[in-house]
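Asks: What follows is model-v6.cif, made up of mmCIF, C-alpha atoms:
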data_coords
#
loop_
_atom_site.label_atom_id
_atom_site.label_comp_id
_atom_site.auth_asym_id
_atom_site.auth_seq_id
_atom_site.Cartn_x
_atom_site.Cartn_y
_atom_site.Cartn_z
CA MET G 221 1.72 -6.80 9.27
CA PRO G 222 0.44 -3.25 9.80
CA VAL G 223 1.18 -1.37 13.00
CA ASN G 224 -1.46 1.04 14.29
CA ILE G 225 -0.13 4.35 15.59
CA LEU G 226 -2.48 5.75 18.21
CA MET G 227 -2.87 9.17 19.81
CA PRO G 228 -0.72 8.90 22.93
CA ALA G 229 -1.66 9.85 26.46
CA LEU G 230 1.14 12.25 27.33
CA SER G 231 -0.01 12.64 30.92
CA PRO G 232 -2.12 10.56 33.29
CA THR G 233 -5.07 12.93 32.91
CA MET G 234 -4.86 13.55 29.16
CA GLU G 235 -8.09 12.62 27.36
CA LYS G 236 -7.47 14.32 23.99
CA GLY G 237 -4.79 16.25 22.16
CA ASN G 238 -4.10 18.22 19.01
CA LEU G 239 -2.02 16.78 16.19
CA ALA G 240 0.08 19.88 15.56
CA ARG G 241 2.14 18.56 12.65
CA TRP G 242 3.62 15.50 11.04
CA LEU G 243 7.40 15.47 10.79
CA LYS G 244 7.38 12.37 8.57
CA LYS G 245 5.25 11.86 5.47
CA GLU G 246 3.63 8.79 3.94
CA GLY G 247 6.31 6.54 2.48
CA ASP G 248 9.07 7.74 4.85
CA GLU G 249 11.09 5.09 6.64
CA VAL G 250 11.23 5.42 10.42
CA LYS G 251 13.31 3.81 13.11
CA PRO G 252 12.98 3.78 16.90
CA GLY G 253 13.58 7.24 18.32
CA ASP G 254 12.65 9.13 15.13
CA VAL G 255 10.25 11.98 15.87
CA ILE G 256 7.22 11.41 13.65
CA ALA G 257 4.79 14.06 14.92
CA GLU G 258 4.21 16.89 17.35
CA ILE G 259 1.27 16.53 19.75
CA GLU G 260 -0.16 19.51 21.64
CA THR G 261 -1.79 19.22 25.04
CA ASP G 262 -3.38 22.00 27.02
CA LYS G 263 0.02 22.60 28.66
CA ALA G 264 2.78 21.74 26.17
CA THR G 265 3.80 20.57 22.73
CA MET G 266 5.52 17.19 22.84
CA GLU G 267 7.39 15.13 20.26
CA TYR G 268 5.95 11.72 19.39
CA GLU G 269 8.67 9.16 18.66
CA ALA G 270 8.48 5.96 16.64
CA ILE G 271 9.02 2.84 18.71
CA ASP G 272 9.34 0.37 15.82
CA GLU G 273 11.26 0.29 12.56
CA GLY G 274 9.24 0.41 9.34
CA THR G 275 7.55 2.71 6.86
CA LEU G 276 4.86 5.28 7.57
CA ALA G 277 2.25 3.91 5.19
CA LYS G 278 -0.89 5.96 5.91
CA ILE G 279 -1.60 9.16 7.82
CA VAL G 280 -5.19 8.90 9.06
CA VAL G 281 -5.48 12.14 11.07
CA PRO G 282 -4.18 15.21 9.23
CA GLU G 283 -1.94 17.73 10.93
CA GLY G 284 -3.79 20.60 12.55
CA THR G 285 -6.60 18.33 13.77
CA GLN G 286 -7.75 19.33 17.24
CA ASP G 287 -9.32 17.36 20.09
CA VAL G 288 -8.22 13.89 18.96
CA PRO G 289 -9.18 11.41 21.72
CA VAL G 290 -6.39 9.35 23.30
CA ASN G 291 -6.01 5.90 21.66
CA THR G 292 -7.56 7.07 18.36
CA LEU G 293 -5.86 5.68 15.24
CA ILE G 294 -3.76 8.52 13.78
CA ALA G 295 -1.56 6.59 11.33
CA ARG G 296 -0.47 3.16 10.14
CA ALA G 297 3.03 1.88 9.66
CA VAL G 298 4.26 -1.33 8.06
CA ARG G 299 7.39 -3.33 8.62
CA SER G 300 7.68 -4.03 4.87
CA CYS G 301 6.09 -2.52 1.77
CA ALA G 302 4.52 -5.89 0.96
CA ASP G 303 2.25 -5.37 4.00
CA THR G 304 0.45 -2.51 2.22
CA GLY G 305 -0.75 -4.67 -0.66
CA ASN G 306 0.55 -1.97 -3.01
CA ALA G 307 4.34 -1.89 -3.05
CA ALA G 308 4.38 -0.09 -6.40
CA ALA G 309 2.80 3.00 -4.81
CA GLY G 310 5.88 3.89 -2.78
CA CYS G 311 4.69 1.85 0.19
CA ARG G 312 1.50 3.82 0.70
CA TRP G 313 -1.62 2.15 2.01
CA ARG G 314 -4.02 0.84 -0.63
CA ALA G 315 -7.69 1.72 -0.52
CA GLY G 316 -9.76 -0.81 1.38
CA ALA G 317 -6.85 -2.22 3.36
CA PRO G 318 -7.66 -3.01 7.00
#
Represent the structure contained in this file as structure tokens.

Replies:
Amino acid sequence: MPVNILMPALSPTMEKGNLARWLKKEGDEVKPGDVIAEIETDKATMEYEAIDEGTLAKIVVPEGTQDVPVNTLIARAVRSCADTGNAAAGCRWRAGAP
């Protein structure tokens, strides 16, 4: 089953942030605590850690994107490559997948 990765609210007043860079790429395995991205706010750059184990299947928001609203889908992860519907593609998301 896919896991949606959303733009986090890094402070109580944060409404949007910048996706500075991805530290993992599509197809990389992640485990809890792995830093997957850097998110910039108006005051700081923070590390965004994975909370589940799986594979980063699809990056939706490219690095360098500014003003991404909190709770916007930025990536999808899967717990197994079979969840992508395209295991032969190195566990990357197939076109048309939900």

Asks: I'd like to know which of G:Val250, G:Met221, G:Leu239, G:Leu226 is closest to Thr292 (chain G), using only C-alpha atoms.

Replies: G:Leu226

Asks: Would you please work out which residue, of G:Ala270, G:Leu243, G:Val223, G:Val288, is nearest to Ala257 (chain G) when using only C-alpha atoms?

Replies: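 Between G:Ala270, G:Leu243, G:Val223, G:Val288, the residue approaching Ala257 (chain G) most closely is G:Leu243.
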
Asks: Selected by the PyMOL selection byres ((chain G and resi 222) around 7) in the shown coordinates: which residues, as a list in words?

Replies: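 When the PyMOL selection byres ((chain G and resi 222) around 7) is applied to the shown file, the picked residues are Met221, Val223, Asn224, Arg296, Ala297, Val298 and Asp303 of chain G.
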
Asks: To one decimal place, how far is CA of Glu249 (chain G) from CA of Tyr268 (chain G) in Å?

Replies: 15.3 Å

Asks: Pick out the residues sitting within 7 Å of Glu283 (chain G), and hand them over as an NGL selection string; count all atoms listed in the file, and ignore anything fewer than 6 positions along from it in its own chain.

Replies: :G and (239-242)

Asks: What lies within 7 Å of Glu273 (chain G) using all atoms listed in the file, ignoring chain neighbours under 3 positions off, as a VMD selection string?

Replies: chain G and resid 250 to 252 299

Asks: G:Glu258, G:Glu235, G:Glu246, G:Glu267: which is nearest Ile279 (chain G), counting only C-alpha atoms?

Replies: G:Glu246

Asks: For Thr233 (chain G), which of G:Asp254, G:Asp287, G:Asp262, G:Asp248 is the closest residue, counting only C-alpha atoms?

Replies: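 When distances to Thr233 (chain G) are compared using only C-alpha atoms, the smallest one comes from G:Asp262.
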
Asks: Would you please work out which residue, of G:Gly237, G:Gly284, G:Lys245, G:Ala277, is nearest to Thr265 (chain G) when using all atoms listed in the file?

Replies: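 The closest residue to Thr265 (chain G) is G:Gly237.
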